[in-house]
file input-v9.pdb (PDB, C-alpha atoms and all ligand atoms)
ATOM      1  CA  MET A   1      84.262-100.276  80.238
ATOM      2  CA  GLN A   2      87.458 -99.426  82.052
ATOM      3  CA  LEU A   3      88.092-101.554  85.109
ATOM      4  CA  GLY A   4      91.347 -99.974  86.144
ATOM      5  CA  GLY A   5      93.308 -97.092  84.682
ATOM      6  CA  ASP A   6      96.344 -96.716  86.889
ATOM      7  CA  GLY A   7      98.604 -98.965  84.786
ATOM      8  CA  GLY A   8      99.270-101.001  87.856
ATOM      9  CA  GLY A   9      98.865-104.366  86.211
ATOM     10  CA  ARG A  10      95.097-104.596  86.512
ATOM     11  CA  PHE A  11      92.991-105.929  83.661
ATOM     12  CA  GLN A  12      91.394-103.319  81.434
ATOM     13  CA  VAL A  13      89.164-103.191  78.398
ATOM     14  CA  GLY A  14      88.697-100.248  76.083
ATOM     15  CA  ARG A  15      85.640 -98.035  76.034
ATOM     16  CA  HIS A  16      84.067 -97.521  72.596
ATOM     17  CA  ARG A  17      81.104 -95.630  71.238
ATOM     18  CA  SER A  18      78.272 -98.028  70.481
ATOM     19  CA  THR A  19      74.695 -97.849  69.338
ATOM     20  CA  VAL A  20      71.745-100.153  68.899
ATOM     21  CA  ARG A  21      69.905 -99.352  65.709
ATOM     22  CA  ALA A  22      68.081-101.222  62.954
ATOM     23  CA  GLY A  23      68.162-104.420  64.970
ATOM     24  CA  GLY A  24      71.926-104.454  65.467
ATOM     25  CA  LEU A  25      74.608-103.420  67.938
ATOM     26  CA  PHE A  26      77.267-101.325  66.209
ATOM     27  CA  VAL A  27      80.600-100.361  67.747
ATOM     28  CA  LEU A  28      82.849 -97.542  66.568
ATOM     29  CA  SER A  29      86.319 -98.598  67.642
ATOM     30  CA  ASP A  30      88.047 -95.451  66.345
ATOM     31  CA  PRO A  31      86.214 -92.074  66.440
ATOM     32  CA  SER A  32      88.275 -90.844  63.456
ATOM     33  CA  CYS A  33      86.591 -93.559  61.348
ATOM     34  CA  ASP A  34      83.023 -92.280  61.826
ATOM     35  CA  THR A  35      81.462 -92.401  58.341
ATOM     36  CA  GLY A  36      77.926 -91.416  59.312
ATOM     37  CA  LEU A  37      76.376 -94.801  60.012
ATOM     38  CA  GLU A  38      74.151 -93.591  62.862
ATOM     39  CA  GLY A  39      72.495 -90.900  60.733
ATOM     40  CA  PHE A  40      71.938 -93.373  57.909
ATOM     41  CA  LEU A  41      70.341 -95.930  60.228
ATOM     42  CA  ASP A  42      68.127 -93.262  61.829
ATOM     43  CA  GLY A  43      66.766 -92.334  58.413
ATOM     44  CA  LEU A  44      66.372 -95.972  57.457
ATOM     45  CA  GLN A  45      64.353 -96.759  60.586
ATOM     46  CA  ARG A  46      61.970 -93.918  59.759
ATOM     47  CA  SER A  47      61.374 -94.947  56.152
ATOM     48  CA  HIS A  48      61.765 -98.715  56.359
ATOM     49  CA  ARG A  49      60.634-101.733  58.323
ATOM     50  CA  ILE A  50      63.574-103.712  59.668
ATOM     51  CA  VAL A  51      63.466-107.483  59.232
ATOM     52  CA  SER A  52      65.947-109.811  60.887
ATOM     53  CA  GLY A  53      67.698-111.909  58.261
ATOM     54  CA  PHE A  54      70.267-114.593  59.000
ATOM     55  CA  SER A  55      73.857-115.129  60.028
ATOM     56  CA  LEU A  56      76.629-117.239  58.565
ATOM     57  CA  ARG A  57      80.141-118.096  59.734
ATOM     58  CA  VAL A  58      82.570-117.899  56.828
ATOM     59  CA  ARG A  59      86.221-118.845  56.593
ATOM     60  CA  VAL A  60      87.427-115.560  55.153
ATOM     61  CA  PRO A  61      88.479-112.251  56.753
ATOM     62  CA  ALA A  62      85.647-109.742  57.090
ATOM     63  CA  GLU A  63      86.974-107.226  54.542
ATOM     64  CA  TYR A  64      86.660-109.829  51.753
ATOM     65  CA  VAL A  65      82.938-110.138  52.478
ATOM     66  CA  ILE A  66      82.413-106.397  52.032
ATOM     67  CA  GLU A  67      84.769-106.313  49.010
ATOM     68  CA  ASN A  68      82.162-108.400  47.229
ATOM     69  CA  VAL A  69      80.150-105.343  46.118
ATOM     70  CA  PHE A  70      83.208-103.900  44.347
ATOM     71  CA  ASP A  71      84.023-107.077  42.423
ATOM     72  CA  ALA A  72      82.189-106.384  39.169
ATOM     73  CA  ASP A  73      83.674-109.509  37.557
ATOM     74  CA  HIS A  74      81.973-111.937  39.936
ATOM     75  CA  PHE A  75      78.300-111.001  39.462
ATOM     76  CA  ALA A  76      77.828-112.889  36.192
ATOM     77  CA  PRO A  77      79.756-116.144  36.862
ATOM     78  CA  VAL A  78      78.869-116.449  40.567
ATOM     79  CA  HIS A  79      75.347-114.985  40.736
ATOM     80  CA  GLY A  80      74.200-115.701  37.196
ATOM     81  CA  LEU A  81      73.655-112.126  36.038
ATOM     82  CA  ASP A  82      73.428-111.648  32.321
ATOM     83  CA  ARG A  83      76.595-109.652  32.078
ATOM     84  CA  ARG A  84      79.231-107.757  34.005
ATOM     85  CA  PRO A  85      77.502-104.770  35.663
ATOM     86  CA  ARG A  86      78.625-101.229  35.010
ATOM     87  CA  LEU A  87      79.664-100.044  38.433
ATOM     88  CA  SER A  88      81.277 -96.815  39.554
ATOM     89  CA  VAL A  89      82.747 -95.875  42.900
ATOM     90  CA  HIS A  90      82.328 -92.479  44.556
ATOM     91  CA  PRO A  91      84.354 -91.566  47.617
ATOM     92  CA  ALA A  92      82.622 -89.316  50.109
ATOM     93  CA  GLU A  93      84.720 -87.150  52.380
ATOM     94  CA  GLY A  94      84.021 -88.317  55.916
ATOM     95  CA  GLY A  95      81.187 -90.529  54.675
ATOM     96  CA  PRO A  96      80.674 -93.986  53.241
ATOM     97  CA  LEU A  97      82.290 -95.150  50.020
ATOM     98  CA  ARG A  98      79.479 -95.384  47.475
ATOM     99  CA  VAL A  99      79.145 -97.890  44.618
ATOM    100  CA  GLU A 100      76.480 -97.344  41.982
ATOM    101  CA  GLY A 101      75.400 -99.146  38.858
ATOM    102  CA  ASP A 102      72.832-101.329  37.149
ATOM    103  CA  LEU A 103      72.441-105.080  37.284
ATOM    104  CA  ASP A 104      71.054-106.892  34.246
ATOM    105  CA  MET A 105      68.976-109.825  35.373
ATOM    106  CA  ALA A 106      66.751-112.338  33.688
ATOM    107  CA  ARG A 107      64.883-113.601  36.719
ATOM    108  CA  PRO A 108      61.871-112.380  38.671
ATOM    109  CA  ASN A 109      63.707-111.984  41.969
ATOM    110  CA  ARG A 110      67.126-110.430  41.684
ATOM    111  CA  TRP A 111      68.805-112.947  43.972
ATOM    112  CA  GLN A 112      66.845-116.062  43.131
ATOM    113  CA  ALA A 113      68.708-119.034  41.743
ATOM    114  CA  ALA A 114      65.833-119.991  39.463
ATOM    115  CA  GLU A 115      66.168-120.604  35.745
ATOM    116  CA  PRO A 116      66.231-117.367  33.743
ATOM    117  CA  GLU A 117      62.979-116.532  32.037
ATOM    118  CA  GLY A 118      61.655-113.620  30.019
ATOM    119  CA  ASP A 119      63.548-110.521  28.973
ATOM    120  CA  PRO A 120      66.441-109.289  31.071
ATOM    121  CA  ALA A 121      65.437-106.727  33.684
ATOM    122  CA  ARG A 122      67.667-103.894  34.785
ATOM    123  CA  ALA A 123      67.836-103.125  38.484
ATOM    124  CA  ARG A 124      69.461-100.163  40.128
ATOM    125  CA  PHE A 125      72.221-101.138  42.538
ATOM    126  CA  ARG A 126      73.700 -98.812  45.129
ATOM    127  CA  ALA A 127      75.964 -99.787  48.001
ATOM    128  CA  LEU A 128      77.107 -97.621  50.895
ATOM    129  CA  VAL A 129      80.247 -99.000  52.485
ATOM    130  CA  PHE A 130      80.630 -97.578  55.976
ATOM    131  CA  SER A 131      83.698 -99.624  56.881
ATOM    132  CA  PRO A 132      85.498-102.875  55.945
ATOM    133  CA  ASN A 133      82.877-104.520  58.164
ATOM    134  CA  LEU A 134      79.629-102.961  57.012
ATOM    135  CA  VAL A 135      77.763-102.309  53.782
ATOM    136  CA  ALA A 136      74.165-101.270  53.099
ATOM    137  CA  THR A 137      73.043-102.338  49.630
ATOM    138  CA  GLU A 138      70.037-100.676  48.040
ATOM    139  CA  LEU A 139      68.131-102.568  45.367
ATOM    140  CA  GLY A 140      65.294-101.120  43.378
ATOM    141  CA  PRO A 141      64.039 -97.602  42.651
ATOM    142  CA  PRO A 142      65.790 -94.773  44.553
ATOM    143  CA  GLU A 143      62.569 -93.496  46.139
ATOM    144  CA  GLU A 144      61.645 -96.860  47.677
ATOM    145  CA  PRO A 145      64.579 -99.277  47.624
ATOM    146  CA  ASN A 146      64.862-102.514  49.519
ATOM    147  CA  VAL A 147      67.996-102.375  51.653
ATOM    148  CA  VAL A 148      70.214-105.273  52.663
ATOM    149  CA  ILE A 149      72.602-104.517  55.541
ATOM    150  CA  THR A 150      75.584-106.833  55.687
ATOM    151  CA  ALA A 151      77.802-106.762  58.761
ATOM    152  CA  ALA A 152      80.932-108.909  58.853
ATOM    153  CA  THR A 153      82.443-109.326  62.308
ATOM    154  CA  PRO A 154      86.046-110.570  62.278
ATOM    155  CA  ALA A 155      87.275-113.298  64.609
ATOM    156  CA  CYS A 156      90.833-113.857  65.783
ATOM    157  CA  ASP A 157      91.231-116.992  63.661
ATOM    158  CA  GLY A 158      90.707-115.208  60.329
ATOM    159  CA  THR A 159      87.062-116.219  59.994
ATOM    160  CA  SER A 160      84.137-113.847  60.244
ATOM    161  CA  THR A 161      80.476-113.897  61.115
ATOM    162  CA  VAL A 162      78.195-112.380  58.509
ATOM    163  CA  ARG A 163      74.904-110.957  59.764
ATOM    164  CA  VAL A 164      72.323-109.872  57.253
ATOM    165  CA  THR A 165      69.367-107.606  57.984
ATOM    166  CA  VAL A 166      66.768-106.547  55.450
ATOM    167  CA  ALA A 167      64.893-103.243  55.414
ATOM    168  CA  VAL A 168      61.787-102.821  53.285
ATOM    169  CA  PRO A 169      59.935 -99.530  52.594
ATOM    170  CA  ARG A 170      57.089 -98.779  55.005
ATOM    171  CA  THR A 171      55.135 -97.276  52.130
ATOM    172  CA  ARG A 172      55.390 -98.145  48.476
ATOM    173  CA  ALA A 173      53.535 -97.152  45.319
ATOM    174  CA  GLY A 174      52.422-100.746  44.790
ATOM    175  CA  GLY A 175      51.523-101.270  48.453
ATOM    176  CA  PRO A 176      53.760-102.689  51.185
ATOM    177  CA  LEU A 177      55.730-105.828  50.462
ATOM    178  CA  THR A 178      53.861-108.991  51.380
ATOM    179  CA  VAL A 179      55.246-111.461  53.904
ATOM    180  CA  ARG A 180      56.009-113.738  51.005
ATOM    181  CA  GLU A 181      57.944-111.023  49.152
ATOM    182  CA  VAL A 182      59.963-110.181  52.259
ATOM    183  CA  ALA A 183      60.725-113.872  52.827
ATOM    184  CA  SER A 184      61.812-114.129  49.198
ATOM    185  CA  LEU A 185      64.153-111.172  49.625
ATOM    186  CA  VAL A 186      65.751-112.759  52.701
ATOM    187  CA  SER A 187      66.055-116.209  51.154
ATOM    188  CA  GLY A 188      67.369-114.712  47.925
ATOM    189  CA  SER A 189      70.039-112.819  49.867
ATOM    190  CA  ARG A 190      70.994-116.015  51.628
ATOM    191  CA  THR A 191      71.287-117.833  48.325
ATOM    192  CA  ALA A 192      73.595-115.081  47.051
ATOM    193  CA  PHE A 193      75.827-115.411  50.119
ATOM    194  CA  GLU A 194      75.961-119.165  49.797
ATOM    195  CA  GLN A 195      77.117-118.679  46.209
ATOM    196  CA  ASP A 196      79.843-116.308  47.420
ATOM    197  CA  VAL A 197      80.944-118.649  50.229
ATOM    198  CA  VAL A 198      82.131-121.215  47.686
ATOM    199  CA  ILE A 199      84.570-118.622  46.322
ATOM    200  CA  TRP A 200      85.579-117.118  49.676
ATOM    201  CA  GLU A 201      86.412-120.447  51.255
ATOM    202  CA  HIS A 202      88.762-121.341  48.403
ATOM    203  CA  LEU A 203      90.638-118.036  48.428
ATOM    204  CA  ASP A 204      94.284-117.995  49.428
ATOM    205  CA  THR A 205      94.370-114.677  51.268
ATOM    206  CA  SER A 206      98.056-115.078  52.151
ATOM    207  CA  VAL A 207      99.285-114.138  48.671
ATOM    208  CA  VAL A 208      99.871-110.549  47.587
ATOM    209  CA  PRO A 209      97.061-109.739  45.121
ATOM    210  CA  ARG A 210      97.991-108.825  41.558
ATOM    211  CA  TYR A 211      95.266-106.479  40.400
ATOM    212  CA  THR A 212      94.309-106.196  36.747
ATOM    213  CA  GLU A 213      92.741-103.377  34.745
ATOM    214  CA  GLY A 214      89.224-104.418  35.728
ATOM    215  CA  ASP A 215      90.013-104.230  39.435
ATOM    216  CA  ASP A 216      89.872-100.442  39.775
ATOM    217  CA  LEU A 217      86.891-100.588  42.124
ATOM    218  CA  VAL A 218      88.513-103.213  44.321
ATOM    219  CA  ARG A 219      91.645-101.083  44.513
ATOM    220  CA  ALA A 220      89.571 -98.059  45.520
ATOM    221  CA  TYR A 221      87.962-100.150  48.250
ATOM    222  CA  ARG A 222      91.320-101.395  49.508
ATOM    223  CA  ALA A 223      92.600 -97.811  49.654
ATOM    224  CA  TYR A 224      89.467 -96.873  51.640
ATOM    225  CA  CYS A 225      90.100 -99.810  53.999
ATOM    226  CA  ARG A 226      93.528 -98.509  54.893
ATOM    227  CA  GLN A 227      92.057 -95.618  56.899
ATOM    228  CA  PHE A 228      90.541 -98.289  59.152
ATOM    229  CA  GLY A 229      93.839-100.136  59.455
ATOM    230  CA  ALA A 230      92.621-102.991  57.253
ATOM    231  CA  GLY A 231      93.282-104.130  53.716
ATOM    232  CA  ARG A 232      96.312-103.846  51.493
TER
HETATM  233 FE    FE B   1      78.568-111.799  45.602
END
call {"tool": "encode", "arguments": {"input": "input-v9.pdb", "output": "structure tokens"}}
result
Amino acid sequence: MQLGGDGGGRFQVGRHRSTVRAGGLFVLSDPSCDTGLEGFLDGLQRSHRIVSGFSLRVRVPAEYVIENVFDADHFAPVHGLDRRPRLSVHPAEGGPLRVEGDLDMARPNRWQAAEPEGDPARARFRALVFSPNLVATELGPPEEPNVVITAATPACDGTSTVRVTVAVPRTRAGGPLTVREVASLVSGSRTAFEQDVVIWEHLDTSVVPRYTEGDDLVRAYRAYCRQFGAGR
């Protein structure tokens, strides 16, 4: 909202496009950085039920939270996956940066911190990164995935607030998810974030990163971030 536009020393704030969708308020601070979030959320609201998740304050800049989905090396040691996932990144002109791959897991719920049991299961993983502040992660079959929306809002002191929302299919071959299954998805997501927080809060983000051969996806993400004026 603009309170005064004559440059005469009056206080002003910028006017930005905003929308309330899927249980959240989203602000587009630069129209040239529109990557199609509104259309995605419209489709998601039609096909999925939106469930409020949780929020966390973390001592790391927001772009590191979203970078998490590109860091193939961390899934096994931090989240206990059986092995490093095979991930690929696909830039979309004017759209979100897409990460796709499979996660090998040996636990009934993909984010649970329970002891592994049974044969490893393979789960499809797809993440749509709309900005350095927002990622929608799809887990499960492409026709009826569960979706975890992670928004990281930066603060002036270098911390960020992570807000997680879960979307579950309205219809599903095996019937709609039960309350217990939805609660498990939310609590499992929270467990995963708490595992990541231990790493994030011990990062020294002041050093210039030295990327290695396995960091191709992270480098692609950082290049994507630069169009938003973030990352390096
Ligand atoms: Fe993680």
call {"tool": "atom_distance", "arguments": {"input": "input-v9.pdb", "atom1": "CA of Leu177 (chain A)", "atom2": "CA of Glu138 (chain A)"}}
result
15.4 Å
call {"tool": "residues_around", "arguments": {"input": "input-v9.pdb", "residues": "region 89-91 of chain A", "least_positions_apart": "5", "cutoff": "12 Å", "atoms": "all atoms listed in the file", "output": "number ranges by chain"}}
result
A: 35, 69-72, 96-101, 125-130, 215-221, 223-225
call {"tool": "write_last_selection", "arguments": {"input": "input-v9.pdb", "atoms": "C-alpha atoms", "output": "PDB file, in the coordinates of the input"}}
result
ATOM      1  CA  THR A  35      81.462 -92.401  58.341  1.00  0.00           C
ATOM      2  CA  VAL A  69      80.150-105.343  46.118  1.00  0.00           C
ATOM      3  CA  PHE A  70      83.208-103.900  44.347  1.00  0.00           C
ATOM      4  CA  ASP A  71      84.023-107.077  42.423  1.00  0.00           C
ATOM      5  CA  ALA A  72      82.189-106.384  39.169  1.00  0.00           C
ATOM      6  CA  PRO A  96      80.674 -93.986  53.241  1.00  0.00           C
ATOM      7  CA  LEU A  97      82.290 -95.150  50.020  1.00  0.00           C
ATOM      8  CA  ARG A  98      79.479 -95.384  47.475  1.00  0.00           C
ATOM      9  CA  VAL A  99      79.145 -97.890  44.618  1.00  0.00           C
ATOM     10  CA  GLU A 100      76.480 -97.344  41.982  1.00  0.00           C
ATOM     11  CA  GLY A 101      75.400 -99.146  38.858  1.00  0.00           C
ATOM     12  CA  PHE A 125      72.221-101.138  42.538  1.00  0.00           C
ATOM     13  CA  ARG A 126      73.700 -98.812  45.129  1.00  0.00           C
ATOM     14  CA  ALA A 127      75.964 -99.787  48.001  1.00  0.00           C
ATOM     15  CA  LEU A 128      77.107 -97.621  50.895  1.00  0.00           C
ATOM     16  CA  VAL A 129      80.247 -99.000  52.485  1.00  0.00           C
ATOM     17  CA  PHE A 130      80.630 -97.578  55.976  1.00  0.00           C
ATOM     18  CA  ASP A 215      90.013-104.230  39.435  1.00  0.00           C
ATOM     19  CA  ASP A 216      89.872-100.442  39.775  1.00  0.00           C
ATOM     20  CA  LEU A 217      86.891-100.588  42.124  1.00  0.00           C
ATOM     21  CA  VAL A 218      88.513-103.213  44.321  1.00  0.00           C
ATOM     22  CA  ARG A 219      91.645-101.083  44.513  1.00  0.00           C
ATOM     23  CA  ALA A 220      89.571 -98.059  45.520  1.00  0.00           C
ATOM     24  CA  TYR A 221      87.962-100.150  48.250  1.00  0.00           C
ATOM     25  CA  ALA A 223      92.600 -97.811  49.654  1.00  0.00           C
ATOM     26  CA  TYR A 224      89.467 -96.873  51.640  1.00  0.00           C
ATOM     27  CA  CYS A 225      90.100 -99.810  53.999  1.00  0.00           C
TER      28      CYS A 225
END
call {"tool": "closest_atom_pairs", "arguments": {"input": "input-v9.pdb", "of": "chain A", "to": "ligand FE 1 (chain B)", "cutoff": "12 Å", "atoms": "all atoms listed in the file", "output": "Markdown table"}}
result
| residue | atom | partner | partner_atom | distance |
| --- | --- | --- | --- | --- |
| A:Tyr64 | CA | B:FE1 | FE | 10.4 |
| A:Val65 | CA | B:FE1 | FE | 8.3 |
| A:Ile66 | CA | B:FE1 | FE | 9.2 |
| A:Glu67 | CA | B:FE1 | FE | 9.0 |
| A:Asn68 | CA | B:FE1 | FE | 5.2 |
| A:Val69 | CA | B:FE1 | FE | 6.7 |
| A:Phe70 | CA | B:FE1 | FE | 9.2 |
| A:Asp71 | CA | B:FE1 | FE | 7.9 |
| A:Ala72 | CA | B:FE1 | FE | 9.2 |
| A:Asp73 | CA | B:FE1 | FE | 9.8 |
| A:His74 | CA | B:FE1 | FE | 6.6 |
| A:Phe75 | CA | B:FE1 | FE | 6.2 |
| A:Ala76 | CA | B:FE1 | FE | 9.5 |
| A:Pro77 | CA | B:FE1 | FE | 9.8 |
| A:Val78 | CA | B:FE1 | FE | 6.9 |
| A:His79 | CA | B:FE1 | FE | 6.6 |
| A:Gly80 | CA | B:FE1 | FE | 10.2 |
| A:Leu81 | CA | B:FE1 | FE | 10.8 |
| A:Trp111 | CA | B:FE1 | FE | 10.0 |
| A:Thr137 | CA | B:FE1 | FE | 11.7 |
| A:Thr150 | CA | B:FE1 | FE | 11.6 |
| A:Gly188 | CA | B:FE1 | FE | 11.8 |
| A:Ser189 | CA | B:FE1 | FE | 9.6 |
| A:Arg190 | CA | B:FE1 | FE | 10.6 |
| A:Thr191 | CA | B:FE1 | FE | 9.8 |
| A:Ala192 | CA | B:FE1 | FE | 6.1 |
| A:Phe193 | CA | B:FE1 | FE | 6.4 |
| A:Glu194 | CA | B:FE1 | FE | 8.9 |
| A:Gln195 | CA | B:FE1 | FE | 7.1 |
| A:Asp196 | CA | B:FE1 | FE | 5.0 |
| A:Val197 | CA | B:FE1 | FE | 8.6 |
| A:Val198 | CA | B:FE1 | FE | 10.3 |
| A:Ile199 | CA | B:FE1 | FE | 9.1 |
| A:Trp200 | CA | B:FE1 | FE | 9.7 |
call {"tool": "atom_distance", "arguments": {"input": "input-v9.pdb", "atom1": "CA of Ser160 (chain A)", "atom2": "CA of Glu63 (chain A)"}}
result
9.2 Å
call {"tool": "atom_distance", "arguments": {"input": "input-v9.pdb", "atom1": "CA of Val208 (chain A)", "atom2": "CA of Arg84 (chain A)"}}
result
24.9 Å
call {"tool": "residues_around", "arguments": {"input": "input-v9.pdb", "residues": "Val182 (chain A)", "least_positions_apart": "3", "cutoff": "10 Å", "atoms": "all atoms listed in the file", "output": "PyMOL selection string"}}
result
chain A and resi 51+53+146+166-168+176-179+185-188
call {"tool": "resolve_selection", "arguments": {"input": "input-v9.pdb", "expression": "the PyMOL selection byres (((chain A and resi 34) around 12) and not hetatm)", "output": "number ranges by chain"}}
result
A: 17-18, 26-33, 35-40, 93-96, 129-131, 227-228
call {"tool": "write_last_selection", "arguments": {"input": "input-v9.pdb", "atoms": "C-alpha atoms", "output": "mmCIF file, keeping the file's coordinate frame"}}
result
data_model
loop_
_atom_site.group_PDB
_atom_site.id
_atom_site.type_symbol
_atom_site.label_atom_id
_atom_site.label_comp_id
_atom_site.auth_asym_id
_atom_site.auth_seq_id
_atom_site.Cartn_x
_atom_site.Cartn_y
_atom_site.Cartn_z
ATOM 1 C CA ARG A 17 81.104 -95.630 71.238
ATOM 2 C CA SER A 18 78.272 -98.028 70.481
ATOM 3 C CA PHE A 26 77.267 -101.325 66.209
ATOM 4 C CA VAL A 27 80.600 -100.361 67.747
ATOM 5 C CA LEU A 28 82.849 -97.542 66.568
ATOM 6 C CA SER A 29 86.319 -98.598 67.642
ATOM 7 C CA ASP A 30 88.047 -95.451 66.345
ATOM 8 C CA PRO A 31 86.214 -92.074 66.440
ATOM 9 C CA SER A 32 88.275 -90.844 63.456
ATOM 10 C CA CYS A 33 86.591 -93.559 61.348
ATOM 11 C CA THR A 35 81.462 -92.401 58.341
ATOM 12 C CA GLY A 36 77.926 -91.416 59.312
ATOM 13 C CA LEU A 37 76.376 -94.801 60.012
ATOM 14 C CA GLU A 38 74.151 -93.591 62.862
ATOM 15 C CA GLY A 39 72.495 -90.900 60.733
ATOM 16 C CA PHE A 40 71.938 -93.373 57.909
ATOM 17 C CA GLU A 93 84.720 -87.150 52.380
ATOM 18 C CA GLY A 94 84.021 -88.317 55.916
ATOM 19 C CA GLY A 95 81.187 -90.529 54.675
ATOM 20 C CA PRO A 96 80.674 -93.986 53.241
ATOM 21 C CA VAL A 129 80.247 -99.000 52.485
ATOM 22 C CA PHE A 130 80.630 -97.578 55.976
ATOM 23 C CA SER A 131 83.698 -99.624 56.881
ATOM 24 C CA GLN A 227 92.057 -95.618 56.899
ATOM 25 C CA PHE A 228 90.541 -98.289 59.152
#
call {"tool": "closest_residue", "arguments": {"input": "input-v9.pdb", "among": "A:Asp42, A:Arg83, A:Glu144, A:Ser52", "to": "Pro169 (chain A)", "atoms": "all atoms listed in the file"}}
result
A:Glu144
call {"tool": "closest_residue", "arguments": {"input": "input-v9.pdb", "among": "A:Arg172, A:Arg49, A:Val207, A:Val58", "to": "Gly140 (chain A)", "atoms": "all atoms listed in the file"}}
result
A:Arg172
call {"tool": "closest_residue", "arguments": {"input": "input-v9.pdb", "among": "A:Thr205, A:Ser184, A:Ser55, A:Ser88", "to": "Ile149 (chain A)", "atoms": "all atoms listed in the file"}}
result
A:Ser55
call {"tool": "resolve_selection", "arguments": {"input": "input-v9.pdb", "expression": "the PyMOL selection byres (((chain A and resi 23) around 8) and not hetatm)", "output": "JSON, numbers by chain"}}
result
{"A": [20, 21, 22, 24, 25, 50, 52, 165]}
call {"tool": "decode", "arguments": {"input": "input-v9.pdb", "residues": "region 175-188 of chain A", "atoms": "N, CA, C and O atoms", "output": "PDB file, in the first residue's frame"}}
result
ATOM      1  N   GLY A 175      -8.842 -45.367  -1.217  1.00  0.00           N
ATOM      2  CA  GLY A 175      -9.693 -44.598  -0.306  1.00  0.00           C
ATOM      3  C   GLY A 175      -8.908 -43.426   0.252  1.00  0.00           C
ATOM      4  O   GLY A 175      -7.669 -43.422   0.202  1.00  0.00           O
ATOM      5  N   PRO A 176      -9.624 -42.402   0.741  1.00  0.00           N
ATOM      6  CA  PRO A 176      -8.930 -41.218   1.265  1.00  0.00           C
ATOM      7  C   PRO A 176      -8.052 -41.553   2.467  1.00  0.00           C
ATOM      8  O   PRO A 176      -8.317 -42.524   3.186  1.00  0.00           O
ATOM      9  N   LEU A 177      -7.000 -40.767   2.635  1.00  0.00           N
ATOM     10  CA  LEU A 177      -6.126 -40.983   3.783  1.00  0.00           C
ATOM     11  C   LEU A 177      -6.916 -40.831   5.076  1.00  0.00           C
ATOM     12  O   LEU A 177      -7.791 -39.965   5.186  1.00  0.00           O
ATOM     13  N   THR A 178      -6.625 -41.657   6.047  1.00  0.00           N
ATOM     14  CA  THR A 178      -7.285 -41.544   7.344  1.00  0.00           C
ATOM     15  C   THR A 178      -6.651 -40.392   8.123  1.00  0.00           C
ATOM     16  O   THR A 178      -5.567 -39.903   7.785  1.00  0.00           O
ATOM     17  N   VAL A 179      -7.355 -39.969   9.169  1.00  0.00           N
ATOM     18  CA  VAL A 179      -6.827 -38.902  10.026  1.00  0.00           C
ATOM     19  C   VAL A 179      -5.461 -39.315  10.563  1.00  0.00           C
ATOM     20  O   VAL A 179      -4.521 -38.518  10.625  1.00  0.00           O
ATOM     21  N   ARG A 180      -5.358 -40.568  10.897  1.00  0.00           N
ATOM     22  CA  ARG A 180      -4.094 -41.062  11.452  1.00  0.00           C
ATOM     23  C   ARG A 180      -2.969 -40.990  10.416  1.00  0.00           C
ATOM     24  O   ARG A 180      -1.835 -40.630  10.736  1.00  0.00           O
ATOM     25  N   GLU A 181      -3.296 -41.328   9.168  1.00  0.00           N
ATOM     26  CA  GLU A 181      -2.274 -41.274   8.105  1.00  0.00           C
ATOM     27  C   GLU A 181      -1.842 -39.839   7.828  1.00  0.00           C
ATOM     28  O   GLU A 181      -0.669 -39.564   7.598  1.00  0.00           O
ATOM     29  N   VAL A 182      -2.820 -38.922   7.849  1.00  0.00           N
ATOM     30  CA  VAL A 182      -2.482 -37.512   7.624  1.00  0.00           C
ATOM     31  C   VAL A 182      -1.610 -37.006   8.777  1.00  0.00           C
ATOM     32  O   VAL A 182      -0.596 -36.327   8.564  1.00  0.00           O
ATOM     33  N   ALA A 183      -1.978 -37.360   9.995  1.00  0.00           N
ATOM     34  CA  ALA A 183      -1.185 -36.935  11.161  1.00  0.00           C
ATOM     35  C   ALA A 183       0.224 -37.501  11.083  1.00  0.00           C
ATOM     36  O   ALA A 183       1.208 -36.825  11.419  1.00  0.00           O
ATOM     37  N   SER A 184       0.348 -38.713  10.572  1.00  0.00           N
ATOM     38  CA  SER A 184       1.659 -39.343  10.431  1.00  0.00           C
ATOM     39  C   SER A 184       2.507 -38.607   9.389  1.00  0.00           C
ATOM     40  O   SER A 184       3.718 -38.421   9.566  1.00  0.00           O
ATOM     41  N   LEU A 185       1.837 -38.174   8.318  1.00  0.00           N
ATOM     42  CA  LEU A 185       2.553 -37.426   7.279  1.00  0.00           C
ATOM     43  C   LEU A 185       3.081 -36.101   7.835  1.00  0.00           C
ATOM     44  O   LEU A 185       4.235 -35.721   7.592  1.00  0.00           O
ATOM     45  N   VAL A 186       2.237 -35.416   8.611  1.00  0.00           N
ATOM     46  CA  VAL A 186       2.662 -34.133   9.197  1.00  0.00           C
ATOM     47  C   VAL A 186       3.784 -34.354  10.206  1.00  0.00           C
ATOM     48  O   VAL A 186       4.817 -33.669  10.178  1.00  0.00           O
ATOM     49  N   SER A 187       3.602 -35.325  11.087  1.00  0.00           N
ATOM     50  CA  SER A 187       4.628 -35.537  12.121  1.00  0.00           C
ATOM     51  C   SER A 187       5.921 -36.055  11.503  1.00  0.00           C
ATOM     52  O   SER A 187       7.022 -35.714  11.939  1.00  0.00           O
ATOM     53  N   GLY A 188       5.786 -36.859  10.443  1.00  0.00           N
ATOM     54  CA  GLY A 188       6.984 -37.336   9.753  1.00  0.00           C
ATOM     55  C   GLY A 188       7.742 -36.200   9.090  1.00  0.00           C
ATOM     56  O   GLY A 188       8.977 -36.158   9.106  1.00  0.00           O
TER      57      GLY A 188
END
